[in-house]
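Visitor: Hey, dropping start.txt in here, compact mmCIF, C-alpha atoms and all ligand atoms:
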```txt
# COMPACT_ATOMS: atom_id res chain seq x y z
CA MET A 1 4.07 -26.07 -14.61
CA LYS A 2 4.31 -29.72 -13.61
CA ARG A 3 1.19 -31.85 -13.87
CA THR A 4 0.72 -32.28 -10.10
CA ASN A 5 1.21 -28.57 -9.55
CA ARG A 6 -1.37 -27.79 -12.20
CA ARG A 7 -3.87 -30.13 -10.53
CA ARG A 8 -3.26 -28.48 -7.17
CA TRP A 9 -3.65 -25.08 -8.80
CA LEU A 10 -6.94 -26.10 -10.42
CA ARG A 11 -8.19 -27.47 -7.11
CA SER A 12 -7.39 -24.21 -5.36
CA ILE A 13 -9.27 -22.26 -8.04
CA LEU A 14 -12.27 -24.57 -7.62
CA ALA A 15 -12.12 -24.19 -3.85
CA LEU A 16 -11.93 -20.44 -4.23
CA SER A 17 -14.95 -20.25 -6.55
CA THR A 18 -16.95 -22.56 -4.28
CA GLY A 19 -16.04 -20.34 -1.34
CA LEU A 20 -17.19 -17.29 -3.25
CA ALA A 21 -20.52 -18.91 -4.10
CA VAL A 22 -21.10 -19.74 -0.46
CA ALA A 23 -20.13 -16.25 0.64
CA THR A 24 -22.54 -14.72 -1.89
CA ALA A 25 -25.39 -16.98 -0.83
CA ALA A 26 -24.74 -16.24 2.85
CA GLY A 27 -24.55 -12.50 2.21
CA ALA A 28 -27.72 -12.32 0.14
CA PRO A 29 -30.62 -10.63 1.92
CA THR A 30 -33.27 -13.07 0.67
CA ALA A 31 -33.31 -16.67 -0.45
CA SER A 32 -34.54 -15.78 -3.96
CA ALA A 33 -31.77 -13.36 -4.86
CA ASP A 34 -31.03 -14.78 -8.32
CA PRO A 35 -31.35 -11.96 -10.87
CA PRO A 36 -33.58 -12.71 -13.89
CA PRO A 37 -31.57 -13.90 -16.90
CA ALA A 38 -30.48 -11.12 -19.26
CA PRO A 39 -32.77 -10.91 -22.30
CA THR A 40 -31.34 -12.33 -25.50
CA ILE A 41 -31.18 -10.47 -28.80
CA THR A 42 -32.90 -11.72 -31.96
CA ALA A 43 -31.61 -9.09 -34.40
CA LEU A 44 -29.89 -5.75 -34.81
CA ARG A 45 -32.04 -3.06 -36.43
CA ILE A 46 -29.75 -0.80 -38.46
CA VAL A 47 -30.97 2.61 -39.66
CA ILE A 48 -28.64 4.49 -42.00
CA GLN A 49 -29.27 7.86 -43.59
CA THR A 50 -27.22 8.79 -46.63
CA GLY A 51 -26.05 12.35 -47.30
CA ASP A 52 -25.52 14.18 -50.57
CA ASP A 53 -23.60 11.35 -52.21
CA ASP A 54 -25.42 8.08 -52.90
CA LEU A 55 -24.43 4.46 -52.48
CA ARG A 56 -24.50 3.37 -56.09
CA THR A 57 -26.02 0.25 -57.63
CA ASP A 58 -23.40 -2.55 -57.61
CA SER A 59 -21.66 -1.08 -54.58
CA SER A 60 -22.14 -2.81 -51.24
CA ALA A 61 -22.39 -1.83 -47.60
CA VAL A 62 -21.82 -4.75 -45.23
CA ALA A 63 -22.66 -4.62 -41.52
CA ARG A 64 -20.49 -6.70 -39.22
CA LEU A 65 -21.05 -7.37 -35.54
CA TRP A 66 -18.16 -8.52 -33.33
CA PHE A 67 -19.26 -10.35 -30.22
CA VAL A 68 -18.00 -12.69 -27.51
CA ASP A 69 -19.46 -16.20 -27.76
CA ALA A 70 -20.40 -18.57 -24.91
CA SER A 71 -16.86 -19.93 -24.70
CA GLY A 72 -15.32 -16.45 -24.53
CA ARG A 73 -14.07 -16.32 -28.12
CA ARG A 74 -14.36 -13.12 -30.15
CA ARG A 75 -16.28 -13.83 -33.34
CA ASN A 76 -18.20 -11.88 -35.96
CA ALA A 77 -21.34 -12.12 -38.07
CA GLY A 78 -22.09 -9.96 -41.07
CA MET A 79 -24.79 -9.08 -43.57
CA ASP A 80 -24.91 -7.31 -46.92
CA LEU A 81 -27.25 -4.38 -46.25
CA ASN A 82 -28.15 -3.07 -49.70
CA GLY A 83 -28.15 -6.21 -51.88
CA ARG A 84 -26.45 -4.29 -54.71
CA GLN A 85 -29.37 -1.86 -54.79
CA ALA A 86 -28.73 1.89 -54.77
CA TRP A 87 -29.34 4.03 -51.71
CA GLY A 88 -30.20 7.44 -53.12
CA ASN A 89 -29.06 10.78 -51.74
CA TRP A 90 -30.73 11.71 -48.44
CA SER A 91 -32.46 8.34 -48.10
CA THR A 92 -33.19 6.46 -44.86
CA ASN A 93 -32.49 2.72 -45.05
CA THR A 94 -33.55 0.27 -42.36
CA ARG A 95 -32.46 -3.37 -42.20
CA ASP A 96 -32.78 -6.10 -39.58
CA MET A 97 -29.69 -8.27 -39.24
CA PRO A 98 -30.16 -11.64 -37.49
CA VAL A 99 -27.60 -12.43 -34.80
CA PRO A 100 -26.41 -15.81 -33.47
CA PRO A 101 -28.82 -17.27 -30.86
CA GLY A 102 -28.24 -16.56 -27.17
CA LEU A 103 -26.46 -13.21 -27.48
CA THR A 104 -27.12 -10.63 -24.77
CA LEU A 105 -26.28 -6.92 -24.72
CA ALA A 106 -23.18 -7.66 -22.63
CA ASP A 107 -21.77 -9.88 -25.42
CA LEU A 108 -21.67 -7.10 -28.04
CA ASP A 109 -18.15 -5.83 -28.71
CA ARG A 110 -17.94 -3.77 -31.89
CA PHE A 111 -20.09 -2.78 -34.88
CA GLU A 112 -18.72 -2.02 -38.34
CA ILE A 113 -19.91 -0.84 -41.74
CA GLU A 114 -17.61 -1.87 -44.58
CA PHE A 115 -17.95 -0.43 -48.05
CA THR A 116 -16.95 -2.03 -51.34
CA SER A 117 -17.22 0.13 -54.43
CA GLY A 118 -18.88 -1.49 -57.42
CA GLN A 119 -18.40 -0.61 -61.05
CA PRO A 120 -20.93 -1.68 -63.70
CA ASP A 121 -18.11 -1.60 -66.27
CA VAL A 122 -14.49 -0.51 -66.61
CA PHE A 123 -15.49 2.92 -67.93
CA HIS A 124 -17.08 3.92 -64.63
CA THR A 125 -15.00 5.46 -61.88
CA GLY A 126 -15.19 4.08 -58.36
CA ASP A 127 -18.11 4.98 -56.11
CA ASN A 128 -18.05 7.12 -52.96
CA TRP A 129 -20.91 7.75 -50.56
CA ASN A 130 -21.74 9.79 -47.51
CA MET A 131 -23.23 8.29 -44.36
CA GLN A 132 -25.01 11.09 -42.54
CA SER A 133 -26.25 9.15 -39.55
CA ILE A 134 -26.52 5.65 -38.15
CA GLU A 135 -28.61 4.12 -35.38
CA VAL A 136 -28.26 0.51 -34.26
CA TYR A 137 -30.90 -1.08 -32.03
CA ALA A 138 -30.93 -4.51 -30.42
CA VAL A 139 -34.30 -6.23 -30.87
CA LEU A 140 -34.93 -8.24 -27.70
CA ASP A 141 -36.50 -11.67 -27.52
CA ASP A 142 -39.61 -10.69 -25.55
CA ASP A 143 -43.31 -10.50 -26.38
CA GLU A 144 -43.12 -6.80 -27.19
CA GLY A 145 -40.01 -7.04 -29.39
CA THR A 146 -38.48 -4.29 -27.27
CA THR A 147 -35.66 -2.37 -28.94
CA VAL A 148 -32.66 -0.95 -27.11
CA LEU A 149 -30.39 1.64 -28.70
CA VAL A 150 -26.91 0.11 -28.93
CA THR A 151 -25.08 2.93 -30.69
CA SER A 152 -25.85 6.02 -32.75
CA ASP A 153 -23.91 8.83 -34.35
CA ALA A 154 -24.44 11.63 -36.86
CA GLY A 155 -22.41 14.25 -38.71
CA ASP A 156 -22.24 16.23 -41.95
CA PRO A 157 -21.30 13.73 -43.10
CA LEU A 158 -20.60 11.33 -40.27
CA HIS A 159 -18.35 9.35 -42.62
CA ARG A 160 -17.45 9.61 -46.29
CA PHE A 161 -16.75 6.16 -47.69
CA GLN A 162 -14.48 6.21 -50.73
CA SER A 163 -13.68 3.59 -53.33
CA ASP A 164 -10.02 3.32 -52.34
CA ARG A 165 -9.86 4.50 -48.71
CA GLU A 166 -11.95 5.23 -45.62
CA ARG A 167 -13.85 2.06 -46.48
CA LEU A 168 -14.52 1.10 -42.86
CA TRP A 169 -16.56 2.82 -40.14
CA PHE A 170 -16.80 1.24 -36.72
CA GLN A 171 -17.93 1.85 -33.17
CA ASP A 172 -16.85 -0.06 -30.08
CA LEU A 173 -19.88 -1.13 -28.06
CA CA B 201 -21.96 7.79 -54.91
```
So that I can check it, write out the structure of this file as C-alpha cells.

Guide:
Amino acid sequence: MKRTNRRRWLRSILALSTGLAVATAAGAPTASADPPPAPTITALRIVIQTGDDDLRTDSSAVARLWFVDASGRRRNAGMDLNGRQAWGNWSTNTRDMPVPPGLTLADLDRFEIEFTSGQPDVFHTGDNWNMQSIEVYAVLDDDEGTTVLVTSDAGDPLHRFQSDRERLWFQDL
C-alpha cells in the first residue's frame, strides 16, 4: 500500500469510527447511557483437590494464566502453587495467584496447570499425581472481594499428571 493510500485508508477508518460513535449516542435512550466500567481482577483463587496419588515433595505444580493485555497482545503470568511441598492424597489445596493490574473477566483466555516431577535423588522414580477437581475463581477489586467462578471441572481422576507425559492440563476461558 502506498503511503498516501494508507493515510486515506486510516482517515476513512477514523471517519467510520466517529460516525459510529455519533450513531450510538444518537440512538441511546438516555444521556447517561455509559455502562459502568467492568470490575478488575486482583487475583485468581485456585482450589485443587488431589485424588489417590499425591503430588510429592520436590515436584511442582505451576498455574499459568493466558490473557490479552491492554494493547491486544496475548501474554501469560504464572505461579508455583505448592512451593515444593507435598500435597497428600485426597487433600484440598487453595492458593491465590496475583494477576497483572487492570485485567477484567473479558481479558482471560486460558488457564493451565503444568506439572514437573521432582526426584530427591537418582534412586527415586519419577512422580505422578491425580487431580480430582479444580475450581478457579476471579477475586474482584470491590469492597466485598466478590469472587466469580471462572472455570471448574472434576473427574475420577479429572487428570493424571505423569512424570514423562500428560504434564499439562488446560481449560480455555
Ligand atoms: Ca505421587

Visitor: Go ahead and find all residues with at least one atom no further than 9 Å from (-26.1, -12.2, -34.2) in the file's coordinates, using only C-alpha atoms; report them as a PDB file with C-alpha atoms, keeping the file's coordinate frame.

Guide:
```
ATOM      1  CA  ILE A  41     -31.180 -10.470 -28.800  1.00  0.00           C
ATOM      2  CA  THR A  42     -32.900 -11.720 -31.960  1.00  0.00           C
ATOM      3  CA  ALA A  43     -31.610  -9.090 -34.400  1.00  0.00           C
ATOM      4  CA  LEU A  44     -29.890  -5.750 -34.810  1.00  0.00           C
ATOM      5  CA  LEU A  65     -21.050  -7.370 -35.540  1.00  0.00           C
ATOM      6  CA  TRP A  66     -18.160  -8.520 -33.330  1.00  0.00           C
ATOM      7  CA  PHE A  67     -19.260 -10.350 -30.220  1.00  0.00           C
ATOM      8  CA  ASN A  76     -18.200 -11.880 -35.960  1.00  0.00           C
ATOM      9  CA  ALA A  77     -21.340 -12.120 -38.070  1.00  0.00           C
ATOM     10  CA  GLY A  78     -22.090  -9.960 -41.070  1.00  0.00           C
ATOM     11  CA  MET A  97     -29.690  -8.270 -39.240  1.00  0.00           C
ATOM     12  CA  PRO A  98     -30.160 -11.640 -37.490  1.00  0.00           C
ATOM     13  CA  VAL A  99     -27.600 -12.430 -34.800  1.00  0.00           C
ATOM     14  CA  PRO A 100     -26.410 -15.810 -33.470  1.00  0.00           C
ATOM     15  CA  PRO A 101     -28.820 -17.270 -30.860  1.00  0.00           C
ATOM     16  CA  GLY A 102     -28.240 -16.560 -27.170  1.00  0.00           C
ATOM     17  CA  LEU A 103     -26.460 -13.210 -27.480  1.00  0.00           C
TER      18      LEU A 103
END
```

Visitor: Distance atom CA of A:Met131-atom CA of A:Leu55, one decimal place?

Guide: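 Spanning atom CA of A:Met131 to atom CA of A:Leu55 is a straight-line distance of 9.1 Å.
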
Visitor: Which residues form the shell of 10 Å around ligand CA 201 (chain B) when you count all atoms listed in the file, given as a list in words?

Guide: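 The neighbouring residues of ligand CA 201 (chain B) are, in order, Thr50, Gly51, Asp52, Asp53, Asp54, Leu55, Arg56, Thr57, Ser59, Ala86, Trp87, Gly88, Asn89, Ser117, Gly126, Asp127, Asn128, Trp129, Asn130, Arg160, Phe161, Gln162 and Ser163 of chain A.
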
Visitor: Could you please determine the separation between atom CA of A:Asp172 and atom CA of A:Glu112 in Å, to one decimal place?

Guide: 8.7 Å

Visitor: Compare A:Gly155, A:Gly72, A:Pro35, A:Gly83 by their minimum atom-to-atom distance to A:Asp109, counting only C-alpha atoms, and give me the closest one.

Guide: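 Closest candidate: A:Gly72.
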
Visitor: So, counting only C-alpha atoms, which residue among A:Glu166, A:Asp156, A:Glu114, A:Glu135 is closest to A:Ile48?

Guide: A:Glu135

Visitor: Which is closest to A:Phe111 among A:Gln171, A:Thr151, A:Gln49, A:Thr40, if we use all atoms listed in the file?

Guide: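 Using all atoms listed in the file, the shortest distance to A:Phe111 belongs to A:Gln171.
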
Visitor: Output stretch 103-131 of chain A with N, CA and C atoms present, as a tab-separated table (two decimals), in the frame of the given file.

Guide:
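The new file result_20.tsv reads:
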```
chain	number	residue	atom	x	y	z
A	103	LEU	N	-27.25	-14.41	-27.79
A	103	LEU	CA	-26.46	-13.21	-27.48
A	103	LEU	C	-27.24	-12.28	-26.55
A	104	THR	N	-26.53	-11.67	-25.61
A	104	THR	CA	-27.12	-10.63	-24.77
A	104	THR	C	-26.38	-9.32	-25.02
A	105	LEU	N	-26.90	-8.23	-24.49
A	105	LEU	CA	-26.28	-6.92	-24.72
A	105	LEU	C	-24.82	-6.91	-24.25
A	106	ALA	N	-24.53	-7.66	-23.19
A	106	ALA	CA	-23.18	-7.66	-22.63
A	106	ALA	C	-22.17	-8.35	-23.56
A	107	ASP	N	-22.67	-9.14	-24.52
A	107	ASP	CA	-21.77	-9.88	-25.42
A	107	ASP	C	-21.31	-9.04	-26.61
A	108	LEU	N	-21.96	-7.89	-26.85
A	108	LEU	CA	-21.67	-7.10	-28.04
A	108	LEU	C	-20.35	-6.35	-27.85
A	109	ASP	N	-19.49	-6.39	-28.87
A	109	ASP	CA	-18.15	-5.83	-28.71
A	109	ASP	C	-17.88	-4.65	-29.66
A	110	ARG	N	-18.28	-4.81	-30.91
A	110	ARG	CA	-17.94	-3.77	-31.89
A	110	ARG	C	-18.87	-3.91	-33.09
A	111	PHE	N	-19.22	-2.76	-33.70
A	111	PHE	CA	-20.09	-2.78	-34.88
A	111	PHE	C	-19.39	-2.02	-36.00
A	112	GLU	N	-19.43	-2.62	-37.21
A	112	GLU	CA	-18.72	-2.02	-38.34
A	112	GLU	C	-19.64	-1.90	-39.56
A	113	ILE	N	-19.36	-0.91	-40.38
A	113	ILE	CA	-19.91	-0.84	-41.74
A	113	ILE	C	-18.71	-0.83	-42.68
A	114	GLU	N	-18.70	-1.80	-43.61
A	114	GLU	CA	-17.61	-1.87	-44.58
A	114	GLU	C	-18.16	-1.67	-45.97
A	115	PHE	N	-17.50	-0.81	-46.71
A	115	PHE	CA	-17.95	-0.43	-48.05
A	115	PHE	C	-17.06	-1.06	-49.11
A	116	THR	N	-17.69	-1.58	-50.16
A	116	THR	CA	-16.95	-2.03	-51.34
A	116	THR	C	-17.56	-1.35	-52.56
A	117	SER	N	-16.74	-0.59	-53.25
A	117	SER	CA	-17.22	0.13	-54.43
A	117	SER	C	-17.45	-0.83	-55.58
A	118	GLY	N	-18.58	-0.67	-56.25
A	118	GLY	CA	-18.88	-1.49	-57.42
A	118	GLY	C	-18.82	-0.65	-58.68
A	119	GLN	N	-18.44	-1.31	-59.77
A	119	GLN	CA	-18.40	-0.61	-61.05
A	119	GLN	C	-19.14	-1.46	-62.07
A	120	PRO	N	-20.19	-0.91	-62.70
A	120	PRO	CA	-20.93	-1.68	-63.70
A	120	PRO	C	-20.04	-2.07	-64.89
A	121	ASP	N	-19.06	-1.25	-65.21
A	121	ASP	CA	-18.11	-1.60	-66.27
A	121	ASP	C	-16.82	-0.81	-66.05
A	122	VAL	N	-15.81	-1.11	-66.84
A	122	VAL	CA	-14.49	-0.51	-66.61
A	122	VAL	C	-14.44	0.98	-66.91
A	123	PHE	N	-15.50	1.50	-67.58
A	123	PHE	CA	-15.49	2.92	-67.93
A	123	PHE	C	-16.01	3.80	-66.79
A	124	HIS	N	-16.61	3.15	-65.78
A	124	HIS	CA	-17.08	3.92	-64.63
A	124	HIS	C	-15.94	4.11	-63.63
A	125	THR	N	-15.94	5.26	-62.98
A	125	THR	CA	-15.00	5.46	-61.88
A	125	THR	C	-15.56	4.80	-60.63
A	126	GLY	N	-14.73	4.69	-59.60
A	126	GLY	CA	-15.19	4.08	-58.36
A	126	GLY	C	-16.26	4.94	-57.68
A	127	ASP	N	-17.02	4.31	-56.82
A	127	ASP	CA	-18.11	4.98	-56.11
A	127	ASP	C	-17.62	5.51	-54.76
A	128	ASN	N	-18.20	6.62	-54.33
A	128	ASN	CA	-18.05	7.12	-52.96
A	128	ASN	C	-19.45	7.35	-52.42
A	129	TRP	N	-19.61	7.35	-51.09
A	129	TRP	CA	-20.91	7.75	-50.56
A	129	TRP	C	-20.77	8.32	-49.18
A	130	ASN	N	-21.75	9.14	-48.82
A	130	ASN	CA	-21.74	9.79	-47.51
A	130	ASN	C	-22.78	9.16	-46.58
A	131	MET	N	-22.30	8.74	-45.40
A	131	MET	CA	-23.23	8.29	-44.36
A	131	MET	C	-23.44	9.47	-43.42
```
